[in-house]
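my_file-v5.cif, holding mmCIF, C-alpha atoms:
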```cif
data_target
#
loop_
_atom_site.label_atom_id
_atom_site.label_comp_id
_atom_site.auth_asym_id
_atom_site.auth_seq_id
_atom_site.Cartn_x
_atom_site.Cartn_y
_atom_site.Cartn_z
CA MET N 3 -58.03 188.17 -37.24
CA THR N 4 -61.21 188.00 -39.31
CA VAL N 5 -62.55 191.03 -37.44
CA ALA N 6 -59.31 192.94 -38.07
CA GLY N 7 -59.38 191.99 -41.76
CA VAL N 8 -62.97 193.14 -42.12
CA PHE N 9 -62.14 196.42 -40.37
CA VAL N 10 -59.14 197.05 -42.66
CA LEU N 11 -61.22 196.14 -45.73
CA PHE N 12 -64.06 198.44 -44.72
CA ILE N 13 -61.89 201.44 -43.81
CA ASN N 14 -59.67 201.04 -46.87
CA ASP N 15 -62.46 200.65 -49.44
CA HIS N 16 -64.84 203.26 -48.04
CA LEU N 17 -62.36 205.88 -46.85
CA LEU N 18 -58.72 205.46 -47.84
CA LYS N 19 -59.41 204.61 -51.49
CA GLN N 20 -61.60 207.72 -51.77
CA ALA N 21 -58.90 209.93 -50.25
CA TRP N 22 -55.80 208.34 -51.85
CA PRO N 23 -56.75 206.29 -54.90
CA GLY N 24 -53.86 204.34 -56.34
CA PRO N 25 -51.96 201.03 -56.41
CA LEU N 26 -51.26 200.99 -52.66
CA THR N 27 -54.88 201.18 -51.48
CA GLY N 28 -55.95 198.90 -54.34
CA LYS N 29 -53.52 196.13 -53.36
CA LEU N 30 -54.32 196.61 -49.65
CA SER N 31 -57.97 195.94 -50.49
CA ASP N 32 -57.02 192.72 -52.29
CA VAL N 33 -54.85 191.51 -49.38
CA ALA N 34 -57.50 192.28 -46.74
CA GLY N 35 -60.19 190.64 -48.87
CA LEU N 36 -58.17 187.44 -49.29
CA VAL N 37 -57.59 187.26 -45.52
CA VAL N 38 -61.31 187.64 -44.77
CA ALA N 39 -62.85 185.64 -47.63
CA PRO N 40 -61.82 182.04 -46.70
CA ALA N 41 -63.50 182.29 -43.29
CA LEU N 42 -66.74 183.45 -44.93
CA VAL N 43 -66.57 180.90 -47.74
CA ALA N 44 -66.11 178.15 -45.12
CA LEU N 45 -69.60 178.94 -43.82
CA LEU N 46 -70.99 177.47 -47.05
CA PHE N 47 -69.77 174.03 -45.99
CA TRP N 48 -71.62 171.89 -43.47
CA ARG N 49 -68.40 170.76 -41.81
CA ARG N 50 -65.05 172.37 -41.34
CA ALA N 51 -63.42 172.77 -44.72
CA ASP N 52 -60.55 175.22 -44.24
CA LEU N 53 -58.47 173.89 -47.12
CA ALA N 54 -61.40 173.73 -49.54
CA ALA N 55 -62.50 177.27 -48.63
CA THR N 56 -58.97 178.64 -49.09
CA VAL N 57 -58.45 176.90 -52.43
CA LEU N 58 -61.89 177.97 -53.68
CA THR N 59 -61.17 181.58 -52.70
CA GLY N 60 -57.86 181.53 -54.57
CA ALA N 61 -59.43 179.95 -57.65
CA LEU N 62 -62.27 182.49 -57.80
CA PHE N 63 -59.89 185.40 -57.25
CA THR N 64 -57.65 184.16 -60.07
CA LEU N 65 -60.65 183.73 -62.38
CA VAL N 66 -61.87 187.27 -61.69
CA LYS N 67 -58.47 188.90 -62.13
CA THR N 68 -57.38 187.03 -65.28
CA THR N 69 -60.57 186.74 -67.38
CA GLU N 70 -63.09 189.28 -68.64
CA THR N 71 -65.93 186.82 -67.96
CA GLY N 72 -64.90 186.43 -64.34
CA ALA N 73 -64.59 190.19 -63.89
CA GLU N 74 -68.04 190.73 -65.42
CA LEU N 75 -69.63 188.12 -63.14
CA ALA N 76 -67.91 189.67 -60.13
CA SER N 77 -69.20 193.09 -61.15
CA HIS N 78 -72.78 191.83 -61.20
CA ALA N 79 -72.36 190.02 -57.87
CA TRP N 80 -70.91 193.04 -56.09
CA THR N 81 -73.52 195.31 -57.62
CA LEU N 82 -76.21 193.26 -55.89
CA VAL N 83 -74.34 193.16 -52.57
CA ALA N 84 -72.59 196.51 -52.27
CA GLY N 85 -74.14 198.76 -54.88
CA PRO N 86 -73.14 199.58 -58.45
CA SER N 87 -69.59 198.29 -58.90
CA ARG N 88 -67.15 197.68 -61.69
CA VAL N 89 -64.48 194.99 -61.22
CA LEU N 90 -61.74 194.94 -63.82
CA ALA N 91 -59.48 192.04 -64.74
CA ASP N 92 -55.95 192.88 -63.58
CA PRO N 93 -53.38 190.04 -63.47
CA THR N 94 -51.06 192.16 -61.31
CA ASP N 95 -53.54 191.75 -58.44
CA LEU N 96 -52.43 188.09 -58.24
CA LEU N 97 -49.49 189.45 -56.23
CA ALA N 98 -51.90 189.46 -53.29
CA LEU N 99 -52.43 185.66 -53.40
CA PRO N 100 -49.80 184.96 -50.67
CA ALA N 101 -52.32 186.54 -48.25
CA LEU N 102 -54.18 183.22 -48.47
CA ALA N 103 -51.29 181.62 -46.56
CA LEU N 104 -51.90 184.09 -43.73
CA ALA N 105 -55.62 183.31 -43.81
CA TRP N 106 -54.87 179.57 -43.68
CA TRP N 107 -52.46 179.98 -40.75
CA VAL N 108 -54.95 182.08 -38.78
CA ARG N 109 -57.78 179.63 -39.42
CA ARG N 110 -55.73 176.64 -38.31
CA ARG N 111 -54.71 178.37 -35.09
CA SER N 112 -57.95 180.08 -34.09
CA LEU N 113 -60.93 178.18 -35.51
CA GLU N 114 -62.38 176.03 -32.75
CA SER N 115 -65.88 174.70 -33.31
CA TYR N 116 -68.78 176.86 -32.18
CA SER N 117 -67.08 179.90 -30.68
CA ALA N 118 -64.95 180.67 -33.72
CA ARG N 119 -67.83 180.00 -36.10
CA TRP N 120 -69.97 182.36 -34.04
CA ARG N 121 -67.30 185.06 -34.32
CA VAL N 122 -67.31 184.65 -38.10
CA ILE N 123 -71.11 184.86 -38.24
CA VAL N 124 -71.10 188.01 -36.11
CA THR N 125 -68.59 189.71 -38.39
CA MET N 126 -70.36 188.66 -41.58
CA PRO N 127 -72.67 191.72 -41.77
CA LEU N 128 -69.63 194.00 -41.62
CA ALA N 129 -67.93 191.93 -44.31
CA VAL N 130 -71.02 192.24 -46.49
CA LEU N 131 -70.95 196.01 -46.06
CA ALA N 132 -67.28 196.15 -47.11
CA VAL N 133 -66.62 196.25 -50.86
CA THR N 134 -63.90 195.02 -53.15
CA ALA N 135 -61.58 197.23 -55.15
CA THR N 136 -63.15 198.62 -58.30
CA SER N 137 -61.77 200.60 -61.18
CA ALA N 138 -63.30 203.10 -63.55
CA ALA N 139 -63.04 202.55 -67.30
CA PRO N 140 -62.90 205.38 -69.86
CA VAL N 141 -66.39 206.61 -70.69
CA PRO N 142 -67.20 206.74 -74.43
CA ARG N 143 -69.04 209.85 -75.60
CA ALA N 144 -70.99 210.58 -78.75
CA SER N 145 -69.24 213.83 -79.65
CA SER N 146 -70.35 214.73 -83.19
CA VAL N 147 -72.61 213.55 -85.98
CA ASN N 148 -72.77 214.20 -89.71
CA VAL N 149 -74.53 212.89 -92.84
CA ASP N 150 -72.25 211.28 -95.42
CA GLY N 151 -74.38 210.38 -98.46
CA ASP N 152 -76.80 207.68 -97.35
CA SER N 153 -74.89 207.11 -94.10
CA ILE N 154 -75.18 208.83 -90.75
CA VAL N 155 -71.85 208.87 -88.91
CA VAL N 156 -71.55 209.46 -85.16
CA HIS N 157 -68.02 210.04 -83.91
CA VAL N 158 -67.38 208.55 -80.47
CA GLN N 159 -64.59 209.59 -78.14
CA ASP N 160 -62.92 206.62 -76.38
CA GLY N 161 -64.88 204.26 -78.63
CA LEU N 162 -65.55 203.16 -82.19
CA THR N 163 -67.42 205.29 -84.70
CA GLN N 164 -71.11 204.36 -85.08
CA ILE N 165 -72.61 204.23 -88.58
CA SER N 166 -76.19 203.78 -89.76
CA ASP N 167 -77.25 203.31 -93.38
CA ASP N 168 -81.01 203.03 -92.72
CA GLY N 169 -81.87 206.29 -91.00
CA GLY N 170 -80.73 205.37 -87.49
CA VAL N 171 -82.58 202.05 -87.11
CA ILE N 172 -79.52 199.79 -87.11
CA TRP N 173 -76.07 200.93 -85.99
CA GLU N 174 -72.73 199.27 -86.61
CA GLU N 175 -69.28 199.96 -85.21
CA ASP N 176 -66.60 201.01 -87.64
CA GLY N 177 -62.92 201.44 -86.92
CA GLY N 178 -62.09 203.11 -90.23
CA ALA N 179 -61.12 206.72 -90.74
CA TRP N 180 -64.01 209.12 -91.36
CA GLU N 181 -63.72 212.78 -92.11
CA SER N 182 -64.30 214.75 -88.93
CA ARG N 183 -66.35 217.89 -89.40
CA PRO N 184 -67.06 220.86 -87.10
CA LEU N 185 -69.79 220.38 -84.52
CA GLN N 186 -73.22 221.16 -85.92
CA SER N 187 -75.51 222.44 -83.20
CA ALA N 188 -78.46 223.21 -85.52
CA ALA N 189 -79.76 221.97 -88.87
CA CYS N 190 -82.84 222.31 -91.05
CA VAL N 191 -84.65 219.58 -92.98
CA PRO N 192 -83.40 219.32 -96.60
CA ARG N 193 -85.92 220.87 -99.01
CA GLN N 194 -88.00 221.98 -96.02
CA PRO N 195 -86.12 224.99 -94.61
CA THR N 196 -88.89 226.06 -92.26
CA ARG N 197 -88.47 222.95 -90.04
CA CYS N 198 -85.22 223.17 -88.06
CA TYR N 199 -83.72 221.54 -84.97
CA ARG N 200 -81.05 222.61 -82.52
CA VAL N 201 -79.42 221.28 -79.35
CA VAL N 202 -79.99 223.22 -76.13
CA PRO N 203 -76.75 224.56 -74.62
CA ASP N 204 -75.65 222.83 -71.37
CA ARG N 205 -78.65 220.48 -71.44
CA VAL N 206 -79.57 217.09 -72.85
CA ALA N 207 -82.43 218.48 -74.91
CA VAL N 208 -83.49 219.40 -78.45
CA GLU N 209 -85.64 222.27 -79.65
CA GLN N 210 -87.43 222.67 -82.98
CA SER N 211 -88.61 225.56 -85.07
CA ASP N 212 -91.36 225.62 -87.69
CA ASP N 213 -90.63 229.11 -88.98
CA GLY N 214 -87.04 228.80 -90.16
CA GLY N 215 -85.45 229.47 -86.79
CA LYS N 216 -87.29 232.62 -85.75
CA THR N 217 -88.93 230.98 -82.73
CA TRP N 218 -88.06 227.76 -80.94
CA GLY N 219 -89.98 225.31 -78.77
CA PRO N 220 -89.16 222.07 -76.96
CA SER N 221 -89.01 218.92 -79.09
CA TRP N 222 -87.39 216.41 -76.72
CA ALA N 223 -85.75 216.49 -73.29
CA LEU N 224 -84.78 214.09 -70.52
CA THR N 225 -87.27 213.76 -67.67
CA ALA N 226 -86.28 215.07 -64.24
CA ASP N 227 -85.52 211.55 -62.99
CA ASP N 228 -83.50 210.72 -66.11
CA ARG N 229 -81.50 213.93 -65.64
CA GLU N 230 -80.78 212.94 -62.04
CA ARG N 231 -79.70 209.44 -63.08
CA LEU N 232 -77.38 210.89 -65.71
CA ALA N 233 -75.93 213.35 -63.19
CA ARG N 234 -75.32 210.48 -60.75
CA ARG N 235 -73.44 208.56 -63.44
CA HIS N 236 -71.43 211.53 -64.69
CA PRO N 237 -70.92 214.31 -62.13
CA SER N 238 -69.05 216.53 -64.61
CA ARG N 239 -71.50 218.87 -66.35
CA ALA N 240 -69.12 219.05 -69.31
CA GLU N 241 -69.90 215.42 -70.17
CA ARG N 242 -73.69 215.47 -69.98
CA HIS N 243 -75.15 217.72 -72.64
CA SER N 244 -76.24 217.43 -76.25
CA MET N 245 -73.22 218.17 -78.41
CA ALA N 246 -74.33 218.05 -82.06
CA LEU N 247 -77.08 216.91 -84.41
CA ALA N 248 -77.71 216.13 -88.05
CA VAL N 249 -80.86 215.90 -90.18
CA GLN N 250 -81.30 213.48 -93.06
CA ALA N 251 -84.17 213.31 -95.54
CA ARG N 252 -85.71 209.82 -95.71
CA PRO N 253 -88.63 208.32 -97.65
CA GLY N 254 -91.78 209.44 -95.85
CA GLY N 255 -90.14 212.29 -93.93
CA HIS N 256 -86.86 212.97 -92.18
CA VAL N 257 -84.77 211.71 -89.29
CA VAL N 258 -82.79 213.63 -86.70
CA VAL N 259 -79.74 212.10 -85.03
CA VAL N 260 -78.31 213.75 -81.92
CA ALA N 261 -74.91 213.13 -80.33
CA ASN N 262 -75.76 213.36 -76.64
CA GLY N 263 -72.29 212.96 -75.15
CA VAL N 264 -72.19 210.29 -72.44
CA ASP N 265 -75.89 209.60 -72.96
CA GLY N 266 -75.09 208.26 -76.44
CA ILE N 267 -77.19 208.57 -79.58
CA LEU N 268 -80.72 209.90 -79.85
CA VAL N 269 -82.83 209.37 -82.98
CA ARG N 270 -86.07 210.96 -84.17
CA ASP N 271 -87.59 208.64 -86.79
CA VAL N 272 -89.77 209.60 -89.77
CA SER N 273 -92.92 209.19 -87.67
CA GLY N 274 -91.75 211.87 -85.23
CA GLU N 275 -90.98 209.50 -82.32
CA TRP N 276 -87.79 210.04 -80.35
CA ARG N 277 -85.80 206.90 -79.46
CA HIS N 278 -82.79 206.59 -77.17
CA VAL N 279 -80.15 204.37 -78.81
CA GLY N 280 -77.19 204.84 -76.46
CA LEU N 281 -73.89 203.49 -77.76
CA PRO N 282 -74.42 200.01 -79.26
CA GLY N 283 -71.58 197.60 -78.54
CA SER N 284 -70.01 199.82 -75.87
CA PRO N 285 -69.45 198.65 -72.26
CA GLU N 286 -72.33 198.93 -69.82
CA PRO N 287 -73.06 202.51 -68.71
CA THR N 288 -71.22 203.82 -65.69
CA ALA N 289 -73.06 202.95 -62.49
CA ALA N 290 -74.95 205.78 -60.84
CA ASP N 291 -73.38 207.27 -57.72
CA LEU N 292 -75.68 206.24 -54.89
CA SER N 293 -73.28 207.28 -52.11
CA PRO N 294 -75.88 209.29 -50.12
CA GLU N 295 -78.37 206.42 -50.15
CA ARG N 296 -75.63 203.87 -49.46
CA ASN N 297 -74.37 205.87 -46.49
CA VAL N 298 -77.87 206.08 -45.02
CA ALA N 299 -78.29 202.33 -45.55
CA ILE N 300 -75.01 201.59 -43.77
CA PHE N 301 -75.87 203.96 -40.93
CA LEU N 302 -79.27 202.38 -40.33
CA ALA N 303 -77.81 198.86 -40.60
CA VAL N 304 -75.18 199.70 -37.97
CA CYS N 305 -77.86 201.23 -35.75
CA MET N 306 -79.81 197.98 -36.03
CA LEU N 307 -76.69 195.99 -35.21
CA PHE N 308 -75.99 198.00 -32.07
CA GLY N 309 -79.68 198.29 -31.18
CA GLY N 310 -80.21 194.55 -31.00
CA ALA N 311 -77.50 194.11 -28.38
CA ALA N 312 -78.69 197.21 -26.49
CA ALA N 313 -82.20 195.76 -26.16
CA GLY N 314 -80.78 192.65 -24.46
CA LEU N 315 -78.46 194.37 -21.99
CA GLN N 316 -79.14 193.82 -18.32
CA ARG N 317 -76.68 196.50 -17.18
CA TYR N 318 -74.87 199.57 -18.55
CA GLN N 319 -77.61 200.17 -21.12
CA ARG N 320 -77.38 203.98 -21.08
CA ALA N 321 -73.60 203.98 -21.45
CA TYR N 322 -73.85 201.43 -24.26
CA ILE N 323 -76.42 203.50 -26.15
CA GLY N 324 -74.24 206.60 -25.86
CA PHE N 325 -71.12 204.91 -27.26
CA ALA N 326 -73.19 203.11 -29.93
CA ALA N 327 -74.59 206.47 -31.06
CA ALA N 328 -71.06 207.90 -31.18
CA ALA N 329 -69.81 204.96 -33.26
CA SER N 330 -72.76 205.11 -35.67
CA LEU N 331 -72.58 208.88 -36.15
CA GLY N 332 -68.80 208.72 -36.48
CA LEU N 333 -69.08 206.15 -39.24
CA PHE N 334 -71.73 208.19 -41.04
CA THR N 335 -69.58 211.32 -40.73
CA ALA N 336 -66.53 209.56 -42.17
CA LEU N 337 -68.48 208.06 -45.06
CA SER N 338 -70.27 211.31 -45.89
CA SER N 339 -67.20 213.55 -45.74
CA PRO N 340 -66.13 215.24 -48.97
CA ASP N 341 -63.09 214.04 -50.85
CA PRO N 342 -59.96 215.35 -49.05
CA PHE N 343 -58.29 215.80 -52.44
CA PHE N 344 -60.72 218.63 -53.18
CA ALA N 345 -61.84 219.76 -49.72
CA GLY N 346 -58.41 219.69 -48.10
CA GLU N 347 -57.70 219.57 -44.36
CA TYR N 348 -61.32 220.11 -43.36
CA ALA N 349 -62.45 216.86 -44.98
CA ALA N 350 -59.38 214.99 -43.73
CA GLY N 351 -60.18 216.15 -40.20
CA LEU N 352 -63.79 214.99 -40.49
CA ILE N 353 -62.69 211.58 -41.71
CA LEU N 354 -60.14 211.22 -38.91
CA PHE N 355 -62.71 212.28 -36.30
CA GLY N 356 -65.27 209.86 -37.71
CA VAL N 357 -62.84 206.94 -37.77
CA LEU N 358 -61.71 207.57 -34.18
CA ALA N 359 -65.31 207.87 -32.95
CA THR N 360 -66.24 204.66 -34.76
CA VAL N 361 -63.31 202.65 -33.44
CA VAL N 362 -63.56 203.89 -29.84
CA GLY N 363 -67.36 203.55 -29.76
CA ALA N 364 -67.33 200.05 -31.24
CA VAL N 365 -64.62 198.79 -28.86
CA VAL N 366 -66.36 200.21 -25.79
CA CYS N 367 -69.67 198.72 -26.94
CA LEU N 368 -68.10 195.27 -27.24
CA VAL N 369 -66.75 195.57 -23.69
CA LEU N 370 -70.07 196.82 -22.32
CA ALA N 371 -72.00 194.08 -24.14
CA GLY N 372 -69.92 191.45 -22.37
CA ALA N 373 -69.96 193.18 -18.97
CA GLY N 374 -73.67 193.95 -19.24
CA ARG N 375 -74.55 190.29 -19.92
CA ALA N 376 -76.45 190.94 -23.13
CA ARG N 377 -79.02 188.26 -23.89
CA PRO N 378 -78.08 186.27 -27.03
CA THR N 379 -81.45 186.47 -28.82
CA PRO N 380 -81.66 190.28 -29.16
CA ALA N 381 -78.00 190.39 -30.18
CA ALA N 382 -78.63 187.73 -32.83
CA VAL N 383 -81.68 189.64 -34.08
CA GLY N 384 -79.52 192.73 -34.51
CA VAL N 385 -76.81 190.78 -36.33
CA LEU N 386 -79.24 189.12 -38.73
CA ALA N 387 -81.44 192.18 -39.27
CA ALA N 388 -78.55 194.58 -40.01
CA PRO N 389 -77.84 193.31 -43.55
CA LEU N 390 -81.58 193.10 -44.20
CA VAL N 391 -81.95 196.76 -43.23
CA TYR N 392 -79.09 197.64 -45.56
CA LEU N 393 -80.73 195.78 -48.44
CA THR N 394 -84.23 197.17 -47.83
CA VAL N 395 -82.90 200.73 -47.77
CA TYR N 396 -80.46 200.44 -50.66
CA THR N 397 -82.20 198.08 -53.11
CA PRO N 398 -85.10 200.41 -54.10
CA PHE N 399 -82.62 203.16 -54.94
CA TYR N 400 -80.46 200.77 -56.92
CA GLY N 401 -83.59 199.81 -58.86
CA TRP N 402 -84.34 203.50 -59.41
CA SER N 403 -80.83 204.02 -60.79
CA GLU N 404 -81.59 201.30 -63.35
CA GLY N 405 -84.96 202.82 -64.26
CA THR N 406 -87.32 200.73 -62.11
CA PRO N 407 -89.09 202.31 -60.32
CA GLY N 408 -89.11 205.41 -62.49
CA PRO N 409 -89.87 208.20 -59.97
CA TYR N 410 -87.46 208.74 -57.09
CA TRP N 411 -90.28 209.21 -54.59
CA VAL N 412 -91.46 205.66 -55.25
CA ALA N 413 -88.01 204.37 -54.30
CA VAL N 414 -88.17 206.41 -51.09
CA ALA N 415 -91.60 205.00 -50.23
CA LEU N 416 -90.48 201.42 -50.89
CA ALA N 417 -87.35 201.89 -48.77
CA VAL N 418 -89.36 203.27 -45.85
CA LEU N 419 -91.98 200.52 -46.09
CA LEU N 420 -89.59 197.58 -46.41
CA THR N 421 -87.21 198.85 -43.73
CA GLY N 422 -90.14 199.49 -41.41
CA LEU N 423 -91.26 195.88 -41.82
CA VAL N 424 -87.79 194.57 -40.96
CA VAL N 425 -87.51 196.82 -37.89
CA LEU N 426 -91.01 195.88 -36.78
CA GLY N 427 -90.26 192.17 -37.14
CA GLY N 428 -87.05 192.55 -35.15
CA ALA N 429 -88.87 194.52 -32.44
CA VAL N 430 -91.48 191.77 -32.11
CA LEU N 431 -88.81 189.08 -31.70
CA ILE N 432 -86.92 191.14 -29.12
CA ARG N 433 -90.11 191.90 -27.20
CA ASN N 434 -91.09 188.22 -27.09
CA ASP N 435 -87.62 187.33 -25.82
CA ALA N 436 -87.85 190.03 -23.13
CA ARG N 437 -91.23 188.66 -22.03
CA ARG N 438 -89.87 185.13 -21.77
CA ALA N 439 -86.87 186.39 -19.82
CA TYR N 440 -89.18 188.26 -17.43
CA LEU N 441 -91.41 185.22 -16.89
CA ASP N 442 -88.42 182.96 -16.33
CA GLY N 443 -87.04 185.41 -13.79
CA SER N 444 -90.41 185.64 -12.03
CA SER N 445 -90.85 181.86 -11.83
CA THR N 446 -87.42 181.29 -10.34
CA SER N 447 -88.08 183.89 -7.64
CA ARG N 448 -91.27 182.25 -6.36
CA PRO N 449 -91.01 180.20 -3.15
CA THR N 450 -91.44 176.45 -3.45
#
```

Hey, can you dump this file as structure tokens for me?
Amino acid sequence: MTVAGVFVLFINDHLLKQAWPGPLTGKLSDVAGLVVAPALVALLFWRRADLAATVLTGALFTLVKTTETGAELASHAWTLVAGPSRVLADPTDLLALPALALAWWVRRRSLESYSARWRVIVTMPLAVLAVTATSAAPVPRASSVNVDGDSIVVHVQDGLTQISDDGGVIWEEDGGAWESRPLQSAACVPRQPTRCYRVVPDRVAVEQSDDGGKTWGPSWALTADDRERLARRHPSRAERHSMALAVQARPGGHVVVVANGVDGILVRDVSGEWRHVGLPGSPEPTAADLSPERNVAIFLAVCMLFGGAAAGLQRYQRAYIGFAAAASLGLFTALSSPDPFFAGEYAAGLILFGVLATVVGAVVCLVLAGAGRARPTPAAVGVLAAPLVYLTVYTPFYGWSEGTPGPYWVAVALAVLLTGLVVLGGAVLIRNDARRAYLDGSSTSRPT
């Protein structure tokens, strides 16, 4: 039942929720997660603790769904495990709590010492690769900016107005009514009409002119990696461009404040330095879409999972490798398919083909692994190395999405290096096991 729950959780969260987002797939994710979670939580206890694991699962689920603190902690936890995630508090999800009764009943009927615990351990990598239901919150955008006396006012869509009275150093939220003015895409410095600034259309960039607007040159722009990060967070081009700016004279010079849409507020201080402010007090920025990197990480992890068992097979190795390749490629195809809502029947067909190939290939591989008398050590190496491969591939790109490392190519190099070390370590363990198996077979065949 744990295997079935993990399968439902994985297919629902990675495929069905992408194709048909809504209450049905959201609640199905909660139910499947509550069926799977107690068996995994029980592994934290030294002895059997079915009741404690079930109660702890229910308590944590209730905390996450009814409190903002619990939802925030869950968001951070799932970000580390399954990539950038946002878990929202939603008391209506407590309707899924009766699924714990099903989990309890299954555990009481099927959990028998070592064999059942081993089944749970084997399915754990798949459970780690499955993700919980997440929801997207409205994205605040700095849409316009104007100077009102000594104050600089930035109007924010889906958020509170930001006000600064010290030239953009300190910003405060304000819920009061401020006069909204037309977007100002260019402005000159008061009492210095030769120095002007303007936003660049369809880009997050600012140009300046020192001859009253006759010629323009670059003043500030996002780096290539920063542009890619912003595009990953906000796929719509309409949301990621500089929208307006304002110039204010200050003692010692002037400041420029730019409303950069979803990228927030940008300030040029009197010294000429540009500083990214963002949107103070707003929720954390939307997580970058790392679907391509995540899909590669899942694919390589599944290959490692199947590869470990294949290395220990004594029979049917070629057939096993063929069906394992079909299952792995089918899963990658399903995960990488475009959204059926936009791509139509073509994408739906790809997803269906990928799911069928994954299910058939995985089932046949399980049968062949048993019939081919796979040695336990290589299979265990594959099971334990699979989540490590996922983490070594995905973690550098997650770090890149947060700004460390800065260049994308560094993340690629780190992923290749770390994953290579994991694969090399697994290969060494499997080779040593094969050598021991060969020596044991040779010694038993010698005459006495």

Enclosing box along x, y and z for every listed atom of segment 255-261 of chain N, padded 4 Å each side, centre and size in Å, one decimal, as JSON:
```
{"center_x": -82.5, "center_y": 212.7, "center_z": -87.1, "size_x": 23.2, "size_y": 10.0, "size_z": 21.6}
```

Open item on the list: So, with all atoms listed in the file as the atoms that count, which of N:Val412, N:Leu99, N:Ala251, N:Val191 lies closest to Ile154 of chain N?
Closed with: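 Distance minimum relative to Ile154 of chain N lands on N:Ala251.
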
- [ ] Quick one: residues within 12 Å of (-88.3, 202.0, -46.5) (file frame), counting all atoms listed in the file, please, as number ranges by chain.
- [x] N: 295, 298-299, 302, 390-399, 411-426

- [ ] Find the spatial neighbours of Glu70 of chain N, counting all atoms listed in the file, within a cut-off of 9 Å - ignore same-chain residues fewer than 4 positions away - and output them as a list in words.
- [x]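 In the requested format, the answer is Leu65, Val66, Glu74, Leu75, Leu90 and Ala91 of chain N.
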
- [ ] May I have the protein, DNA and RNA residues with any atom at most 10 Å from the point (-73.6, 212.9, -64.9), counting all atoms listed in the file, written as an NGL selection string?
- [x] :N and (229-243 or 264-265 or 288 or 290-291)

Written selection (C-alpha atoms) as a PDB file, in the coordinates of the input:
```
ATOM      1  CA  ARG N 229     -81.500 213.930 -65.640  1.00  0.00           C
ATOM      2  CA  GLU N 230     -80.780 212.940 -62.040  1.00  0.00           C
ATOM      3  CA  ARG N 231     -79.700 209.440 -63.080  1.00  0.00           C
ATOM      4  CA  LEU N 232     -77.380 210.890 -65.710  1.00  0.00           C
ATOM      5  CA  ALA N 233     -75.930 213.350 -63.190  1.00  0.00           C
ATOM      6  CA  ARG N 234     -75.320 210.480 -60.750  1.00  0.00           C
ATOM      7  CA  ARG N 235     -73.440 208.560 -63.440  1.00  0.00           C
ATOM      8  CA  HIS N 236     -71.430 211.530 -64.690  1.00  0.00           C
ATOM      9  CA  PRO N 237     -70.920 214.310 -62.130  1.00  0.00           C
ATOM     10  CA  SER N 238     -69.050 216.530 -64.610  1.00  0.00           C
ATOM     11  CA  ARG N 239     -71.500 218.870 -66.350  1.00  0.00           C
ATOM     12  CA  ALA N 240     -69.120 219.050 -69.310  1.00  0.00           C
ATOM     13  CA  GLU N 241     -69.900 215.420 -70.170  1.00  0.00           C
ATOM     14  CA  ARG N 242     -73.690 215.470 -69.980  1.00  0.00           C
ATOM     15  CA  HIS N 243     -75.150 217.720 -72.640  1.00  0.00           C
ATOM     16  CA  VAL N 264     -72.190 210.290 -72.440  1.00  0.00           C
ATOM     17  CA  ASP N 265     -75.890 209.600 -72.960  1.00  0.00           C
ATOM     18  CA  THR N 288     -71.220 203.820 -65.690  1.00  0.00           C
ATOM     19  CA  ALA N 290     -74.950 205.780 -60.840  1.00  0.00           C
ATOM     20  CA  ASP N 291     -73.380 207.270 -57.720  1.00  0.00           C
TER      21      ASP N 291
END
```

Selection result of the PyMOL selection byres ((chain N and resi 428-438) around 12) on this file, as a compact mmCIF listing (two decimals) with C-alpha atoms, keeping the file's coordinate frame:
```
# COMPACT_ATOMS: atom_id res chain seq x y z
CA MET N 306 -79.81 197.98 -36.03
CA LEU N 307 -76.69 195.99 -35.21
CA GLY N 309 -79.68 198.29 -31.18
CA GLY N 310 -80.21 194.55 -31.00
CA ALA N 311 -77.50 194.11 -28.38
CA ALA N 312 -78.69 197.21 -26.49
CA ALA N 313 -82.20 195.76 -26.16
CA GLY N 314 -80.78 192.65 -24.46
CA LEU N 315 -78.46 194.37 -21.99
CA GLN N 316 -79.14 193.82 -18.32
CA ALA N 376 -76.45 190.94 -23.13
CA ARG N 377 -79.02 188.26 -23.89
CA PRO N 378 -78.08 186.27 -27.03
CA THR N 379 -81.45 186.47 -28.82
CA PRO N 380 -81.66 190.28 -29.16
CA ALA N 381 -78.00 190.39 -30.18
CA ALA N 382 -78.63 187.73 -32.83
CA VAL N 383 -81.68 189.64 -34.08
CA GLY N 384 -79.52 192.73 -34.51
CA VAL N 385 -76.81 190.78 -36.33
CA LEU N 386 -79.24 189.12 -38.73
CA ALA N 387 -81.44 192.18 -39.27
CA ALA N 388 -78.55 194.58 -40.01
CA LEU N 390 -81.58 193.10 -44.20
CA VAL N 391 -81.95 196.76 -43.23
CA THR N 421 -87.21 198.85 -43.73
CA GLY N 422 -90.14 199.49 -41.41
CA LEU N 423 -91.26 195.88 -41.82
CA VAL N 424 -87.79 194.57 -40.96
CA VAL N 425 -87.51 196.82 -37.89
CA LEU N 426 -91.01 195.88 -36.78
CA GLY N 427 -90.26 192.17 -37.14
CA ALA N 439 -86.87 186.39 -19.82
CA TYR N 440 -89.18 188.26 -17.43
CA LEU N 441 -91.41 185.22 -16.89
CA ASP N 442 -88.42 182.96 -16.33
CA GLY N 443 -87.04 185.41 -13.79
CA SER N 444 -90.41 185.64 -12.03
CA SER N 445 -90.85 181.86 -11.83
```

Task: Reference answer for the PyMOL selection byres ((chain N and resi 271-273) around 10), as an MDAnalysis selection string - done: chainID N and resid 169:171 250:259 268:270 274:277
